[in-house]
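**Q** File name model.txt; file contents compact mmCIF, C-alpha atoms; full text below.
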```txt
# COMPACT_ATOMS: atom_id res chain seq x y z
CA MET A 406 -11.65 -157.87 1.16
CA PHE A 407 -14.02 -159.91 -0.92
CA ASP A 408 -17.27 -160.91 0.76
CA ILE A 409 -20.11 -162.93 -0.68
CA VAL A 410 -23.52 -161.35 -0.29
CA ASN A 411 -26.66 -163.31 -1.16
CA LEU A 412 -29.52 -161.05 -2.18
CA ASP A 413 -33.18 -161.96 -1.83
CA LYS A 414 -34.59 -158.76 -3.35
CA PRO A 415 -33.63 -156.47 -6.26
CA VAL A 416 -31.01 -153.77 -5.74
CA GLN A 417 -30.62 -150.67 -7.91
CA PRO A 418 -27.89 -151.16 -10.57
CA GLU A 419 -25.96 -148.05 -9.50
CA LEU A 420 -25.80 -149.39 -5.92
CA LEU A 421 -24.56 -152.76 -7.17
CA ASP A 422 -21.77 -151.04 -9.11
CA SER A 423 -20.75 -149.09 -6.01
CA ILE A 424 -20.71 -152.22 -3.84
CA ARG A 425 -18.67 -154.18 -6.38
CA ARG A 426 -16.09 -151.38 -6.50
CA GLU A 427 -15.55 -152.01 -2.80
CA GLY A 428 -14.48 -155.58 -3.56
CA ILE A 429 -17.70 -157.36 -2.64
CA VAL A 430 -18.83 -160.19 -4.89
CA ILE A 431 -22.61 -160.36 -5.08
CA TYR A 432 -24.81 -163.28 -6.01
CA ASP A 433 -28.52 -163.72 -5.95
CA ALA A 434 -29.89 -167.24 -6.39
CA GLU A 435 -30.23 -166.99 -10.18
CA ASP A 436 -26.96 -165.11 -10.67
CA GLU A 437 -25.01 -167.72 -8.70
CA ILE A 438 -26.22 -170.47 -11.04
CA MET A 439 -25.35 -168.41 -14.08
CA ASN A 440 -22.00 -167.42 -12.58
CA LEU A 441 -20.86 -170.98 -11.97
CA GLU A 442 -22.12 -172.13 -15.34
CA ARG A 443 -20.20 -169.29 -16.96
CA VAL A 444 -17.04 -170.26 -15.10
CA ARG A 445 -17.49 -173.92 -16.04
CA ASP A 446 -17.98 -173.06 -19.70
CA ASN A 447 -14.93 -170.78 -19.73
CA LEU A 448 -12.81 -173.46 -18.10
CA ARG A 449 -13.90 -175.99 -20.71
CA ALA A 450 -13.12 -173.52 -23.48
CA ARG A 451 -9.56 -173.35 -22.10
CA GLY A 452 -9.22 -177.13 -22.25
CA PHE A 453 -9.93 -178.00 -18.62
CA ARG A 454 -12.48 -180.57 -17.64
CA ALA A 455 -14.99 -178.87 -15.36
CA GLU A 456 -18.10 -179.83 -13.41
CA ILE A 457 -20.43 -178.17 -10.89
CA PHE A 458 -21.52 -179.74 -7.60
CA ASP A 459 -24.20 -178.60 -5.17
CA ASP A 460 -22.16 -179.18 -2.02
CA GLY A 461 -19.08 -180.73 -0.49
CA LYS A 462 -20.73 -184.11 -0.02
CA ALA A 463 -21.48 -184.37 -3.74
CA VAL A 464 -17.94 -183.45 -4.84
CA SER A 465 -16.44 -185.85 -2.28
CA GLU A 466 -18.57 -188.70 -3.61
CA TYR A 467 -17.51 -187.87 -7.15
CA LEU A 468 -13.81 -187.95 -6.28
CA ASN A 469 -14.20 -191.13 -4.23
CA ALA A 470 -15.65 -192.87 -7.28
CA ALA A 471 -13.21 -191.36 -9.79
CA ILE A 472 -10.01 -192.10 -7.83
CA ASP A 473 -9.57 -195.76 -6.99
CA GLY A 474 -6.65 -198.12 -6.51
CA THR A 475 -3.94 -195.60 -7.34
CA THR A 476 -1.40 -193.26 -5.76
CA VAL A 477 -2.67 -189.83 -4.70
CA GLY A 478 -0.87 -186.68 -3.58
CA PHE A 479 -2.43 -183.78 -1.69
CA GLY A 480 -1.33 -180.18 -1.66
CA GLY A 481 -1.75 -178.14 1.51
CA SER A 482 -5.43 -177.21 1.39
CA VAL A 483 -8.04 -176.23 3.95
CA THR A 484 -10.67 -177.16 1.37
CA LEU A 485 -9.44 -180.77 1.15
CA LYS A 486 -9.23 -180.95 4.94
CA GLU A 487 -12.78 -179.65 5.39
CA LEU A 488 -14.08 -182.29 2.98
CA GLY A 489 -12.30 -185.11 4.81
CA LEU A 490 -10.89 -186.39 1.54
CA TYR A 491 -7.67 -187.77 3.01
CA ASP A 492 -9.53 -190.34 5.11
CA THR A 493 -12.06 -191.06 2.37
CA LEU A 494 -9.51 -191.73 -0.36
CA SER A 495 -7.02 -193.50 1.92
CA ALA A 496 -9.52 -196.32 2.34
CA HIS A 497 -8.79 -197.57 -1.20
CA ASN A 498 -5.78 -195.58 -2.44
CA ASP A 499 -2.17 -194.93 -1.41
CA VAL A 500 -2.45 -191.27 -0.32
CA HIS A 501 0.41 -188.93 0.59
CA TRP A 502 -0.11 -185.63 2.41
CA HIS A 503 2.37 -183.77 4.60
CA TRP A 504 -0.51 -182.46 6.72
CA ALA A 505 -1.18 -186.07 7.75
CA GLY A 506 2.46 -187.19 8.03
CA ASP A 507 6.00 -185.85 7.95
CA ASN A 508 7.51 -183.34 5.54
CA GLU A 509 8.91 -186.16 3.41
CA GLU A 510 5.33 -186.74 2.31
CA ARG A 511 5.76 -183.67 0.12
CA ASP A 512 8.31 -185.57 -1.97
CA ARG A 513 6.16 -188.70 -2.09
CA ALA A 514 3.13 -186.65 -3.13
CA SER A 515 5.11 -185.15 -6.01
CA SER A 516 5.39 -188.49 -7.83
CA THR A 517 1.85 -189.85 -7.51
CA GLU A 518 -0.43 -190.56 -10.46
CA VAL A 519 -3.15 -188.25 -9.12
CA TYR A 520 -2.81 -184.88 -7.38
CA LEU A 521 -5.44 -182.84 -5.53
CA SER A 522 -5.36 -179.15 -4.72
CA SER A 523 -7.60 -176.14 -4.46
CA ALA A 524 -7.07 -172.60 -5.72
CA ASN A 525 -6.47 -169.31 -3.97
CA GLY A 526 -8.45 -167.57 -6.67
CA LEU A 527 -10.35 -168.40 -9.86
CA SER A 528 -11.52 -165.83 -12.38
CA GLU A 529 -14.82 -166.14 -14.16
CA GLY A 530 -12.73 -166.35 -17.31
CA GLY A 531 -11.19 -169.61 -16.10
CA GLU A 532 -7.75 -168.49 -14.85
CA LEU A 533 -6.58 -170.48 -11.80
CA VAL A 534 -4.39 -168.55 -9.35
CA ASN A 535 -2.23 -170.11 -6.61
CA ILE A 536 0.40 -168.63 -4.32
CA ASP A 537 2.89 -170.82 -2.45
CA GLY A 538 5.72 -170.60 0.03
CA THR A 539 7.48 -173.96 -0.28
CA GLY A 540 6.51 -174.55 -3.89
CA ASN A 541 5.52 -178.20 -3.65
CA ARG A 542 1.82 -177.50 -4.21
CA VAL A 543 2.14 -175.21 -7.22
CA ALA A 544 4.90 -177.35 -8.76
CA ALA A 545 2.75 -180.45 -8.52
CA THR A 546 -0.11 -178.77 -10.36
CA LEU A 547 2.26 -178.12 -13.27
CA TYR A 548 4.13 -181.39 -13.77
CA GLY A 549 4.55 -184.98 -12.65
CA HIS A 550 1.03 -186.39 -12.52
CA LYS A 551 -1.36 -188.03 -14.96
CA ARG A 552 -4.39 -186.35 -13.39
CA VAL A 553 -4.79 -183.15 -11.38
CA TYR A 554 -8.00 -182.09 -9.64
CA PHE A 555 -8.79 -178.62 -8.30
CA VAL A 556 -11.69 -178.40 -5.82
CA VAL A 557 -12.93 -174.82 -5.75
CA GLY A 558 -15.69 -173.37 -3.56
CA ARG A 559 -17.77 -170.45 -4.78
CA ASN A 560 -15.96 -168.08 -2.40
CA LYS A 561 -12.77 -168.44 -4.49
CA ILE A 562 -14.36 -167.03 -7.66
CA ALA A 563 -13.69 -163.45 -8.72
CA PRO A 564 -15.04 -161.51 -11.71
CA ASP A 565 -11.69 -161.25 -13.56
CA TYR A 566 -8.02 -162.17 -13.35
CA GLU A 567 -6.95 -159.01 -11.52
CA GLN A 568 -9.50 -159.60 -8.77
CA ALA A 569 -8.67 -163.32 -8.57
CA LEU A 570 -5.02 -162.35 -8.02
CA TRP A 571 -6.11 -159.69 -5.52
CA ARG A 572 -8.07 -162.33 -3.64
CA ALA A 573 -5.12 -164.73 -3.57
CA ARG A 574 -2.78 -162.05 -2.19
CA ASN A 575 -5.11 -160.18 0.15
CA ILE A 576 -7.51 -162.82 1.45
CA ALA A 577 -6.08 -166.31 1.06
CA ALA A 578 -2.43 -165.53 1.84
CA PRO A 579 -3.05 -163.49 5.05
CA LYS A 580 -5.50 -166.11 6.34
CA ASN A 581 -3.01 -168.88 5.65
CA ALA A 582 -0.24 -166.90 7.34
CA GLN A 583 -2.48 -166.56 10.40
CA ARG A 584 -3.31 -170.27 10.30
CA LEU A 585 0.40 -171.12 10.30
CA GLY A 586 1.16 -168.71 13.14
CA MET A 587 3.48 -166.55 11.05
CA LYS A 588 4.56 -163.14 12.32
CA THR A 589 4.13 -161.34 9.03
CA PRO A 590 2.40 -157.95 8.72
CA CYS A 591 -0.59 -159.48 6.92
CA ALA A 592 -1.08 -162.07 9.67
CA LEU A 593 -0.59 -159.71 12.60
CA LEU A 594 -2.78 -156.95 11.17
CA ALA A 595 -5.26 -159.31 9.47
CA ASP A 596 -5.80 -156.90 6.62
CA HIS A 597 -3.97 -157.31 3.30
CA CYS A 598 -0.68 -158.16 1.61
CA HIS A 599 2.12 -155.75 2.55
CA ASP A 600 4.59 -157.21 0.03
CA CYS A 601 6.82 -157.66 3.05
CA ARG A 602 10.39 -158.93 3.30
CA SER A 603 9.74 -161.02 6.38
CA PRO A 604 11.69 -164.31 6.58
CA GLU A 605 8.33 -165.90 7.46
CA ARG A 606 6.65 -164.65 4.31
CA ILE A 607 4.59 -167.48 2.76
CA CYS A 608 3.70 -165.85 -0.56
CA ARG A 609 6.93 -166.51 -2.46
CA GLY A 610 5.73 -167.96 -5.75
CA LEU A 611 2.77 -167.32 -8.03
CA VAL A 612 1.38 -169.77 -10.57
CA VAL A 613 -1.45 -168.98 -12.98
CA LEU A 614 -2.93 -171.75 -15.09
CA TRP A 615 -4.46 -170.47 -18.32
CA GLY A 616 -5.07 -174.05 -19.41
CA PRO A 617 -4.14 -177.61 -18.49
CA MET A 618 -0.48 -178.42 -18.85
CA MET A 619 0.41 -180.59 -21.84
CA GLY A 620 0.09 -184.27 -21.03
CA THR A 621 -1.89 -183.73 -17.81
CA GLU A 622 -5.61 -184.35 -17.50
CA THR A 623 -6.80 -181.45 -15.36
CA GLU A 624 -10.29 -181.14 -13.90
CA VAL A 625 -11.78 -178.23 -11.97
CA LEU A 626 -14.63 -179.13 -9.62
CA LEU A 627 -16.79 -176.10 -8.76
CA VAL A 628 -18.87 -176.27 -5.59
CA ARG A 629 -21.94 -174.17 -4.76
CA GLU A 630 -20.80 -173.48 -1.21
CA ASN A 631 -17.93 -171.76 0.56
CA LEU A 632 -14.89 -173.97 1.03
CA GLY A 633 -11.43 -173.21 2.38
CA LEU A 634 -9.79 -169.82 2.85
```
Please express what this file holds, its structure, as C-alpha cells.

**A**
Amino acid sequence: MFDIVNLDKPVQPELLDSIRREGIVIYDAEDEIMNLERVRDNLRARGFRAEIFDDGKAVSEYLNAAIDGTTVGFGGSVTLKELGLYDTLSAHNDVHWHWAGDNEERDRASSTEVYLSSANGLSEGGELVNIDGTGNRVAATLYGHKRVYFVVGRNKIAPDYEQALWRARNIAAPKNAQRLGMKTPCALLADHCHDCRSPERICRGLVVLWGPMMGTETEVLLVRENLGL
C-alpha cells in the first residue's frame, strides 16, 4: 500500500529508490511543496483549473465563497464529509447528497449546476482516477453540470498514472468496501484488490479524466493534508 512518509533529514538516494519500489510515497517539506506545485502546473497544462490550499479549512472557505445561490450535487466522498461541506453549502445553496438523504438524491444531484467530488487517485501528471460501483459519481463528473470541483488531499497523489490507478484499486476501493460493510475479499482481508466476482463488488467502473470535459468548467483543489480514503 501507499504510505506517506515525511522526512526531516536526508536519506541516501539508493535507499529512497528502494523505498519507493515498495509503494511508499515520500515527501520532505520542500519536496511536498514542489510536488503539489508540479501537479497543479500539470493539471493546468491539461486545461483544468487548479489551486493549492494549506488545509481543509482554507479549501472549505474557498468553496463556500465560490458556490452561492445555486444547485449543488455531491458524489459519495469521505473527503467532502470530513470537511463538513454539506452543512456549509446548504446554508445558502440547494444541495443534494444521497449520504444526507434518500437514494433519490442521486438523481437530483445529477442535474445540478455544480457538482463536487474527490478522486481515488491523482497522478503527478494530472490524470484523475475514480472507481465507482453505482456509477452516479463518475457519470456526474463527465456530463450534466456547468461546474465540477474535485477536492484532493495530498494522500491521493501518486507519481504516475499506473500508481494512481494502483492506489484507486488497492487502497481506496478496499477501504470503501470496508466502510460499506461489504463482504468482498478486499474488505475482509484488508489488503488489496482481488479482481473478485462478488455480487457486493463496488469497483465496477473506472473513469480517468485526462482533461476537463468539453463544456464543463472543472477545477481541482489540492490540499496540503491527508483527506479521505

**Q** Around (-12.2, -166.8, 4.5), as given in the file, which residues come within 12 Å? Count all atoms listed in the file and list them as a list of chain:residue names.

**A**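 The residues near that point, listed by chain and number, are A:Met406, A:Phe407, A:Asp408, A:Ile409, A:Val483, A:Thr484, A:Asn525, A:Gly526, A:Gly558, A:Arg559, A:Asn560, A:Lys561, A:Arg572, A:Ala573, A:Asn575, A:Ile576, A:Ala577, A:Ala578, A:Pro579, A:Lys580, A:Asn581, A:Gln583, A:Arg584, A:Ala595, A:Asp596, A:Asn631, A:Leu632, A:Gly633, A:Leu634.
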
**Q** Write a file of the selected residues as an mmCIF file, in the coordinates of the input, keeping C-alpha atoms.

**A**
```cif
data_model
loop_
_atom_site.group_PDB
_atom_site.id
_atom_site.type_symbol
_atom_site.label_atom_id
_atom_site.label_comp_id
_atom_site.auth_asym_id
_atom_site.auth_seq_id
_atom_site.Cartn_x
_atom_site.Cartn_y
_atom_site.Cartn_z
ATOM 1 C CA MET A 406 -11.650 -157.870 1.160
ATOM 2 C CA PHE A 407 -14.020 -159.910 -0.920
ATOM 3 C CA ASP A 408 -17.270 -160.910 0.760
ATOM 4 C CA ILE A 409 -20.110 -162.930 -0.680
ATOM 5 C CA VAL A 483 -8.040 -176.230 3.950
ATOM 6 C CA THR A 484 -10.670 -177.160 1.370
ATOM 7 C CA ASN A 525 -6.470 -169.310 -3.970
ATOM 8 C CA GLY A 526 -8.450 -167.570 -6.670
ATOM 9 C CA GLY A 558 -15.690 -173.370 -3.560
ATOM 10 C CA ARG A 559 -17.770 -170.450 -4.780
ATOM 11 C CA ASN A 560 -15.960 -168.080 -2.400
ATOM 12 C CA LYS A 561 -12.770 -168.440 -4.490
ATOM 13 C CA ARG A 572 -8.070 -162.330 -3.640
ATOM 14 C CA ALA A 573 -5.120 -164.730 -3.570
ATOM 15 C CA ASN A 575 -5.110 -160.180 0.150
ATOM 16 C CA ILE A 576 -7.510 -162.820 1.450
ATOM 17 C CA ALA A 577 -6.080 -166.310 1.060
ATOM 18 C CA ALA A 578 -2.430 -165.530 1.840
ATOM 19 C CA PRO A 579 -3.050 -163.490 5.050
ATOM 20 C CA LYS A 580 -5.500 -166.110 6.340
ATOM 21 C CA ASN A 581 -3.010 -168.880 5.650
ATOM 22 C CA GLN A 583 -2.480 -166.560 10.400
ATOM 23 C CA ARG A 584 -3.310 -170.270 10.300
ATOM 24 C CA ALA A 595 -5.260 -159.310 9.470
ATOM 25 C CA ASP A 596 -5.800 -156.900 6.620
ATOM 26 C CA ASN A 631 -17.930 -171.760 0.560
ATOM 27 C CA LEU A 632 -14.890 -173.970 1.030
ATOM 28 C CA GLY A 633 -11.430 -173.210 2.380
ATOM 29 C CA LEU A 634 -9.790 -169.820 2.850
#
```

**Q** Tell me which of A:Leu626, A:Cys598, A:Gly620, A:Leu614 sits closest to Ser523 (chain A), counting all atoms listed in the file.

**A**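 Among the listed residues, the smallest separation from Ser523 (chain A) belongs to A:Leu626.
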
**Q** Would you kindly return, as an NGL selection string, each protein, DNA or RNA residue with an atom no farther than 12 Å from any atom of Arg606 (chain A), considering all atoms listed in the file and excluding same-chain residues fewer than 4 positions away?

**A** :A and (536-539 or 574 or 578-579 or 581-583 or 585-592 or 598-602 or 610)

**Q** When distances are computed from all atoms listed in the file, which of A:Leu611, A:Leu485, A:Val519, A:Met619 shows the smallest separation from Tyr554 (chain A)?

**A**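 Checking each of A:Leu611, A:Leu485, A:Val519, A:Met619 against Tyr554 (chain A), counting all atoms listed in the file, the winner is A:Val519.
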
**Q** One number please: CA of Ala471 (chain A) to CA of Glu456 (chain A), in Å, one decimal.

**A** 13.0 Å

**Q** Calculate how many Å separate CA of Thr621 (chain A) from CA of Lys551 (chain A), rounding to one decimal.

**A**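 Going from CA of Thr621 (chain A) over to CA of Lys551 (chain A), I get 5.2 Å.
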